[in-house]
Amino acid sequence: MKSLCILPLLLMSLLLAAPAASAADYTPGPDSRPQPGVPKGEVLKFSFESSKVFPGTYRDYWVYVPAQYTPDKPACLYVNQDGVQWQAPTVFDNLIHKKEMPVTIGVFVMHGRVRARDGNTALDRFNRSYEYDGLGDHYARFLAEELLPDVETKKTSDGRAIRLSRNPNDRAIGGSSSGAVAAFTAAWERPDQFRRVFSAIGTYVGLRGADRYPTLLRKYEPKPLRVFLQDGSNDLNIYAGDWWEANQMMERALTFAGYEVEHAWGDGGHNGAHGTAIFPDAMRWLWKDWPQPVKAGRSRNGMLNEILAAGEGWQAVSGDWTAVSGLASDAKGELWFHEGAQAQRLGADGQAAPVSTQGKQPSGQAFGPDGRLYTVTGDGHVFALDMDGKSKKLADDIRGGDVVAASNGNLYVTEPGPAGAAASKVWLIRPNGRKQVVDTGLEAASGVTLSPDQTLLYVADRRSHWVYSYQIQPDGTLQAKQQYYWLHTPDTREDSGAGAMRVDRGGRLYVATSLGVQVCDQPGRVNCILPLPNGPVSSLSFGGPNLDTLYAVSGGKLYRRKLSVAGAHAWAAPNKPPVPGL
């Protein structure tokens with residue numbers, strides 16, 4: 001095996017900056033030392049500097065290839081941030097030889113740097129915290145779309161092509177400190193790429209948002225991940241938070257959320273001593289029972305368990321849904337949508353049937369108590385479409401975002417307004433056609449719906465993290481406006497991207513957002529988040545004969561999912577939901 005420089009001095013100074021007081025002796029065991037008769041793998045060094053995800057960066061990376069690897073079968077994968085750590089090549093030699101982990105190729109990658117034009121007068125830009133501590137899918141995309149494909153262009157010194165398994169169950173990722181957060185985030189964002197995570201002295205604190213993970217873990221529907229955590233009681237306690245407490249919060253959140261999690265707590269500081277000592281056991285645990293798949297567990301989240309039906313997941317509806325706008329269900333629970341200007345109905349057989357063309361593509365639509373489909377367009381029109389395919393224009397000069405119809409025939413229409421102008425409007429259109437503005441001042445009014453008892457109107461502001469609540473007066477006007485529902489926002493955006501909304505008969509609010517479907521209780525709190533396989537959700541609606549199927553458009557695809565609860569038609573007779581827990 002070639003000799004290698006494990007970490008540059010700068011990185012070591014980052015990892016060892018804090019006092020590392022420790023009473024324990026974290027001496028690596030025999031699995032971390034070369035053993036007689038164990039075939040030695042090869043470590044190759046490469047560089048990469050053509051990233052589009054992190055433009056202008058360069059980095060070194062090392063590839064460990066075990067002696068047992070043959071190109072006829074793609075190898076399992078372990079990715080580690082901050083280069084080679086944990087005496088990993090030797091550990092892999094020993095564990096692969098003893099068949100305590102599968103034949104695994106290791107990729108040990110450094111963080112990116114942007115070279116200074118003149119190193120004598122300026123510093124490089126160090127991308128470590130930006131790439132590692134930030135939430136979102138940037139780093140996962142860098143690995144999946146750029147670095148790992150580059151790895152597969154290389155060969156071993158004896159000419160073997162490097163081939164990596166595409167099965168996420170065959171892929172693990174790990175790191176220490178900020179590198180641990182990068183590893184967890186990559187698997188969290190892309191469980192289709194990684195299922196096994198090793199996290200040592202992880203920075204789940206307020207550096208760039210990782211302190212949100214203990215909360216998000218409890219709210220999200222569980223993902224198929226297996227996680228090993230390590231930390232010590234003498235870890236950092238600085239301006240960003242308390243590492244020791246944060247890692248314990250992560251362990252408790254993972255356990256609550258039903259994840260397969262193991263941990264090794266000690267009294268070490270912010271260094272790699274304890275992590276190196278327990279790394280062989282961590283690998284044994286992460287790879288235990290392989291190739292049996294890592295599965296998602298069952299959360300203790302009460303709302304998740306109330307609304308999700310056992311054994312039911314998201315199912316893609318066949319067809320091309322890239323041009324679809326607006327979802328609404330009729331009295332039979334059949335789903336309606338628009339593709340361009342064409343209104344269509346989704347039959348029980350999963351096939352779409354054209355109904356009518358109104359000449360305009362709507363931005364939102366909803367059925368009314370009269371059985372007509374009401375649509376609003378972004379260029380200033382409100383239409384009503386009857387079941388015979390006849391379309392009637394109801395109003396002009398309303399550049400609508402979404403619409404909802406109450407049981408008394410009143411329509412509420414949102415008008416987002418131009419970006420940055422705070423010129424959004426909420427319109428009321430009465431059955432006699434008279435229209436009036438009933439609210440202004442939101443950044444971008446988007447989705448709109450009614451509470452099940454039809455006494456409250458909910459309006460999403462897609463350029464913020466708020467859904468507003470209003471009390472509806474007898475004449476249809478609005479009072480008691482509040483920024484009521486607080487939504488989670490992606491790390492890469494300043495807003496939730498909130499769009500279409502629906503309620504179930506129990507009063508829960510379902511919001512289409514950039515993070516998936518966020519489900520709120522009546523007091524305005526996000527209790528759970530249902531991620532979609534294709535990312536952000538642009539539209540949703542309840543459907544099916546019992547109104548217990550949730551439909552959602554995500555990334556140009558339509559998905560459906562059977563729930564244990566039933567939706568509430570806004571236009572139907574009001575029903576009073578149960579009193580919520582406050």
# chains A, B, ... in the order shown; residues from 1 in each chain; ligands from 1
call {"tool": "select_by_dssp", "arguments": {"residues": "stretch 248-416 of chain A", "states": "helix (DSSP H, G or I)", "output": "ChimeraX atom specification"}}
result
/A:248-256,273-286,302-307
call {"tool": "residues_around", "arguments": {"residues": "A:Leu225", "least_positions_apart": "4", "cutoff": "7 Å", "atoms": "only C-alpha atoms", "output": "count of residues only"}}
result
7
call {"tool": "closest_residue", "arguments": {"among": "A:His263, A:Arg505, A:Lys557, A:Arg171", "to": "A:Tyr78", "atoms": "only C-alpha atoms"}}
result
A:Arg171
call {"tool": "residues_around", "arguments": {"residues": "A:Lys393", "least_positions_apart": "6", "cutoff": "7 Å", "atoms": "only C-alpha atoms", "output": "list in words"}}
result
Val382, Phe383 and Ala384 of chain A
call {"tool": "write_last_selection", "arguments": {"atoms": "C-alpha atoms", "output": "compact mmCIF listing (two decimals), in the first residue's frame"}}
result
# COMPACT_ATOMS: atom_id res chain seq x y z
CA VAL A 382 -61.83 33.56 -13.63
CA PHE A 383 -63.86 30.86 -15.40
CA ALA A 384 -66.56 28.34 -14.48
call {"tool": "select_by_dssp", "arguments": {"residues": "stretch 453-581 of chain A", "states": "strand (DSSP E or B)", "output": "ChimeraX atom specification"}}
result
/A:456-461,466-472,478-486,501-504,509-513,516-520,525-530,537-543,549-554,557-563,567
call {"tool": "residues_around", "arguments": {"residues": "A:Thr477", "least_positions_apart": "4", "cutoff": "10 Å", "atoms": "only C-alpha atoms", "output": "PyMOL selection string"}}
result
chain A and resi 412+427-428+436-439+470-473
call {"tool": "write_last_selection", "arguments": {"atoms": "C-alpha atoms", "output": "PDB file, in the first residue's frame"}}
result
ATOM      1  CA  TYR A 412     -61.929  33.312  -2.740  1.00  0.00           C
ATOM      2  CA  TRP A 427     -60.462  38.549  -3.754  1.00  0.00           C
ATOM      3  CA  LEU A 428     -64.014  37.607  -2.842  1.00  0.00           C
ATOM      4  CA  GLN A 436     -64.094  42.892  -4.048  1.00  0.00           C
ATOM      5  CA  VAL A 437     -60.605  42.848  -2.536  1.00  0.00           C
ATOM      6  CA  VAL A 438     -60.793  41.496   1.012  1.00  0.00           C
ATOM      7  CA  ASP A 439     -57.079  41.614   1.886  1.00  0.00           C
ATOM      8  CA  TYR A 470     -58.596  34.881   8.606  1.00  0.00           C
ATOM      9  CA  GLN A 471     -61.990  34.690  10.258  1.00  0.00           C
ATOM     10  CA  ILE A 472     -64.778  34.825   7.653  1.00  0.00           C
ATOM     11  CA  GLN A 473     -67.570  37.267   8.450  1.00  0.00           C
TER      12      GLN A 473
END
call {"tool": "atom_distance", "arguments": {"atom1": "atom CA of A:Val227", "atom2": "atom CA of A:Asp211"}}
result
17.1 Å
call {"tool": "residues_around", "arguments": {"residues": "A:Ile162", "least_positions_apart": "2", "cutoff": "12 Å", "atoms": "only C-alpha atoms", "output": "PyMOL selection string"}}
result
chain A and resi 44+63-66+69-77+104-107+148-160+164-165
call {"tool": "write_last_selection", "arguments": {"atoms": "N, CA and C atoms", "output": "JSON list (two decimals), in the first residue's frame"}}
result
[["chain", "number", "residue", "atom", "x", "y", "z"],
["A", 44, "LEU", "N", -4.92, 4.89, -4.13],
["A", 44, "LEU", "CA", -4.51, 5.72, -5.26],
["A", 44, "LEU", "C", -4.94, 7.16, -5.01],
["A", 63, "VAL", "N", -8.56, 6.84, -3.46],
["A", 63, "VAL", "CA", -9.43, 5.68, -3.69],
["A", 63, "VAL", "C", -8.72, 4.44, -3.15],
["A", 64, "TYR", "N", -9.38, 3.77, -2.22],
["A", 64, "TYR", "CA", -8.91, 2.49, -1.70],
["A", 64, "TYR", "C", -9.61, 1.37, -2.46],
["A", 65, "VAL", "N", -8.84, 0.46, -3.01],
["A", 65, "VAL", "CA", -9.39, -0.69, -3.72],
["A", 65, "VAL", "C", -8.90, -1.96, -3.04],
["A", 66, "PRO", "N", -9.79, -2.77, -2.49],
["A", 66, "PRO", "CA", -9.35, -3.98, -1.79],
["A", 66, "PRO", "C", -8.76, -5.01, -2.74],
["A", 69, "TYR", "N", -11.18, -7.22, -4.80],
["A", 69, "TYR", "CA", -12.08, -6.62, -5.79],
["A", 69, "TYR", "C", -11.78, -7.11, -7.20],
["A", 70, "THR", "N", -12.86, -7.48, -7.91],
["A", 70, "THR", "CA", -12.75, -7.81, -9.34],
["A", 70, "THR", "C", -13.80, -7.00, -10.09],
["A", 71, "PRO", "N", -13.44, -6.47, -11.26],
["A", 71, "PRO", "CA", -14.35, -5.56, -11.98],
["A", 71, "PRO", "C", -15.62, -6.21, -12.49],
["A", 72, "ASP", "N", -15.71, -7.53, -12.48],
["A", 72, "ASP", "CA", -16.91, -8.17, -12.99],
["A", 72, "ASP", "C", -18.11, -7.96, -12.08],
["A", 73, "LYS", "N", -17.87, -7.52, -10.83],
["A", 73, "LYS", "CA", -18.95, -7.25, -9.90],
["A", 73, "LYS", "C", -18.72, -5.88, -9.26],
["A", 74, "PRO", "N", -19.62, -4.91, -9.48],
["A", 74, "PRO", "CA", -19.44, -3.59, -8.86],
["A", 74, "PRO", "C", -19.31, -3.72, -7.34],
["A", 75, "ALA", "N", -18.39, -2.97, -6.77],
["A", 75, "ALA", "CA", -18.11, -3.06, -5.35],
["A", 75, "ALA", "C", -19.04, -2.18, -4.54],
["A", 76, "CYS", "N", -19.20, -2.53, -3.27],
["A", 76, "CYS", "CA", -19.85, -1.62, -2.34],
["A", 76, "CYS", "C", -18.97, -0.37, -2.19],
["A", 77, "LEU", "N", -19.52, 0.66, -1.59],
["A", 77, "LEU", "CA", -18.85, 1.96, -1.55],
["A", 77, "LEU", "C", -18.88, 2.54, -0.15],
["A", 104, "THR", "N", -15.48, -3.61, -0.48],
["A", 104, "THR", "CA", -15.87, -2.19, -0.49],
["A", 104, "THR", "C", -14.73, -1.32, -1.00],
["A", 105, "ILE", "N", -15.04, -0.48, -1.95],
["A", 105, "ILE", "CA", -14.09, 0.53, -2.41],
["A", 105, "ILE", "C", -14.31, 1.80, -1.59],
["A", 106, "GLY", "N", -13.23, 2.35, -1.06],
["A", 106, "GLY", "CA", -13.31, 3.58, -0.28],
["A", 106, "GLY", "C", -12.91, 4.79, -1.11],
["A", 107, "VAL", "N", -13.70, 5.85, -1.02],
["A", 107, "VAL", "CA", -13.38, 7.11, -1.68],
["A", 107, "VAL", "C", -13.25, 8.16, -0.57],
["A", 148, "LEU", "N", -18.14, 10.77, -8.01],
["A", 148, "LEU", "CA", -18.17, 9.31, -8.17],
["A", 148, "LEU", "C", -18.09, 8.89, -9.62],
["A", 149, "PRO", "N", -18.74, 9.59, -10.56],
["A", 149, "PRO", "CA", -18.48, 9.27, -11.97],
["A", 149, "PRO", "C", -17.03, 9.46, -12.36],
["A", 150, "ASP", "N", -16.35, 10.46, -11.76],
["A", 150, "ASP", "CA", -14.93, 10.64, -12.05],
["A", 150, "ASP", "C", -14.12, 9.46, -11.52],
["A", 151, "VAL", "N", -14.48, 8.97, -10.33],
["A", 151, "VAL", "CA", -13.80, 7.81, -9.76],
["A", 151, "VAL", "C", -13.86, 6.63, -10.73],
["A", 152, "GLU", "N", -15.00, 6.46, -11.36],
["A", 152, "GLU", "CA", -15.18, 5.30, -12.24],
["A", 152, "GLU", "C", -14.47, 5.45, -13.59],
["A", 153, "THR", "N", -13.84, 6.58, -13.81],
["A", 153, "THR", "CA", -12.98, 6.71, -14.99],
["A", 153, "THR", "C", -11.56, 6.23, -14.71],
["A", 154, "LYS", "N", -11.25, 5.92, -13.45],
["A", 154, "LYS", "CA", -9.89, 5.54, -13.06],
["A", 154, "LYS", "C", -9.71, 4.02, -13.08],
["A", 155, "LYS", "N", -8.45, 3.62, -13.02],
["A", 155, "LYS", "CA", -8.11, 2.20, -12.94],
["A", 155, "LYS", "C", -7.07, 1.99, -11.86],
["A", 156, "THR", "N", -7.01, 0.77, -11.38],
["A", 156, "THR", "CA", -5.98, 0.43, -10.40],
["A", 156, "THR", "C", -4.63, 0.34, -11.11],
["A", 157, "SER", "N", -3.57, 0.21, -10.33],
["A", 157, "SER", "CA", -2.23, 0.16, -10.93],
["A", 157, "SER", "C", -2.04, -1.09, -11.78],
["A", 158, "ASP", "N", -2.85, -2.14, -11.54],
["A", 158, "ASP", "CA", -2.75, -3.33, -12.39],
["A", 158, "ASP", "C", -3.82, -3.36, -13.48],
["A", 159, "GLY", "N", -4.49, -2.22, -13.71],
["A", 159, "GLY", "CA", -5.39, -2.09, -14.83],
["A", 159, "GLY", "C", -6.84, -2.45, -14.60],
["A", 160, "ARG", "N", -7.23, -2.74, -13.37],
["A", 160, "ARG", "CA", -8.63, -3.08, -13.10],
["A", 160, "ARG", "C", -9.50, -1.82, -13.17],
["A", 164, "LEU", "N", -18.52, 0.92, -9.25],
["A", 164, "LEU", "CA", -19.20, 1.09, -7.97],
["A", 164, "LEU", "C", -20.66, 0.69, -8.09],
["A", 165, "SER", "N", -21.16, 0.01, -7.07],
["A", 165, "SER", "CA", -22.56, -0.39, -7.06],
["A", 165, "SER", "C", -23.45, 0.85, -7.05]]
call {"tool": "residues_around", "arguments": {"residues": "A:Phe228", "least_positions_apart": "2", "cutoff": "8 Å", "atoms": "only C-alpha atoms", "output": "list in words"}}
result
Val197, Phe198, Ser199, Arg226, Gln230, Val261, Glu262, His263, Ala264, Ala282 and Leu286 of chain A
call {"tool": "write_last_selection", "arguments": {"atoms": "N, CA and C atoms", "output": "PDB file, in the first residue's frame"}}
result
ATOM      1  N   VAL A 197     -24.545   5.530   7.533  1.00  0.00           N
ATOM      2  CA  VAL A 197     -23.847   6.767   7.890  1.00  0.00           C
ATOM      3  C   VAL A 197     -23.005   6.557   9.141  1.00  0.00           C
ATOM      4  N   PHE A 198     -21.723   6.955   9.045  1.00  0.00           N
ATOM      5  CA  PHE A 198     -20.845   7.002  10.222  1.00  0.00           C
ATOM      6  C   PHE A 198     -20.572   8.461  10.548  1.00  0.00           C
ATOM      7  N   SER A 199     -20.956   8.888  11.750  1.00  0.00           N
ATOM      8  CA  SER A 199     -20.842  10.285  12.167  1.00  0.00           C
ATOM      9  C   SER A 199     -20.036  10.372  13.448  1.00  0.00           C
ATOM     10  N   ARG A 226     -29.398   3.889   8.227  1.00  0.00           N
ATOM     11  CA  ARG A 226     -28.801   3.315   9.436  1.00  0.00           C
ATOM     12  C   ARG A 226     -27.660   4.241   9.842  1.00  0.00           C
ATOM     13  N   GLN A 230     -20.867   9.000  17.158  1.00  0.00           N
ATOM     14  CA  GLN A 230     -19.816   8.995  18.191  1.00  0.00           C
ATOM     15  C   GLN A 230     -19.587  10.418  18.654  1.00  0.00           C
ATOM     16  N   VAL A 261     -30.257   3.150  14.861  1.00  0.00           N
ATOM     17  CA  VAL A 261     -29.172   4.026  15.292  1.00  0.00           C
ATOM     18  C   VAL A 261     -28.386   3.359  16.406  1.00  0.00           C
ATOM     19  N   GLU A 262     -27.087   3.526  16.354  1.00  0.00           N
ATOM     20  CA  GLU A 262     -26.182   3.060  17.411  1.00  0.00           C
ATOM     21  C   GLU A 262     -25.269   4.223  17.757  1.00  0.00           C
ATOM     22  N   HIS A 263     -24.710   4.207  18.966  1.00  0.00           N
ATOM     23  CA  HIS A 263     -23.839   5.310  19.349  1.00  0.00           C
ATOM     24  C   HIS A 263     -22.718   4.807  20.239  1.00  0.00           C
ATOM     25  N   ALA A 264     -21.642   5.581  20.276  1.00  0.00           N
ATOM     26  CA  ALA A 264     -20.519   5.330  21.177  1.00  0.00           C
ATOM     27  C   ALA A 264     -20.188   6.652  21.848  1.00  0.00           C
ATOM     28  N   ALA A 282     -17.875   0.196  14.358  1.00  0.00           N
ATOM     29  CA  ALA A 282     -18.901   0.958  13.651  1.00  0.00           C
ATOM     30  C   ALA A 282     -19.146   0.366  12.268  1.00  0.00           C
ATOM     31  N   LEU A 286     -22.615  -1.073  10.839  1.00  0.00           N
ATOM     32  CA  LEU A 286     -23.248  -0.478   9.664  1.00  0.00           C
ATOM     33  C   LEU A 286     -23.497  -1.502   8.562  1.00  0.00           C
TER      34      LEU A 286
END
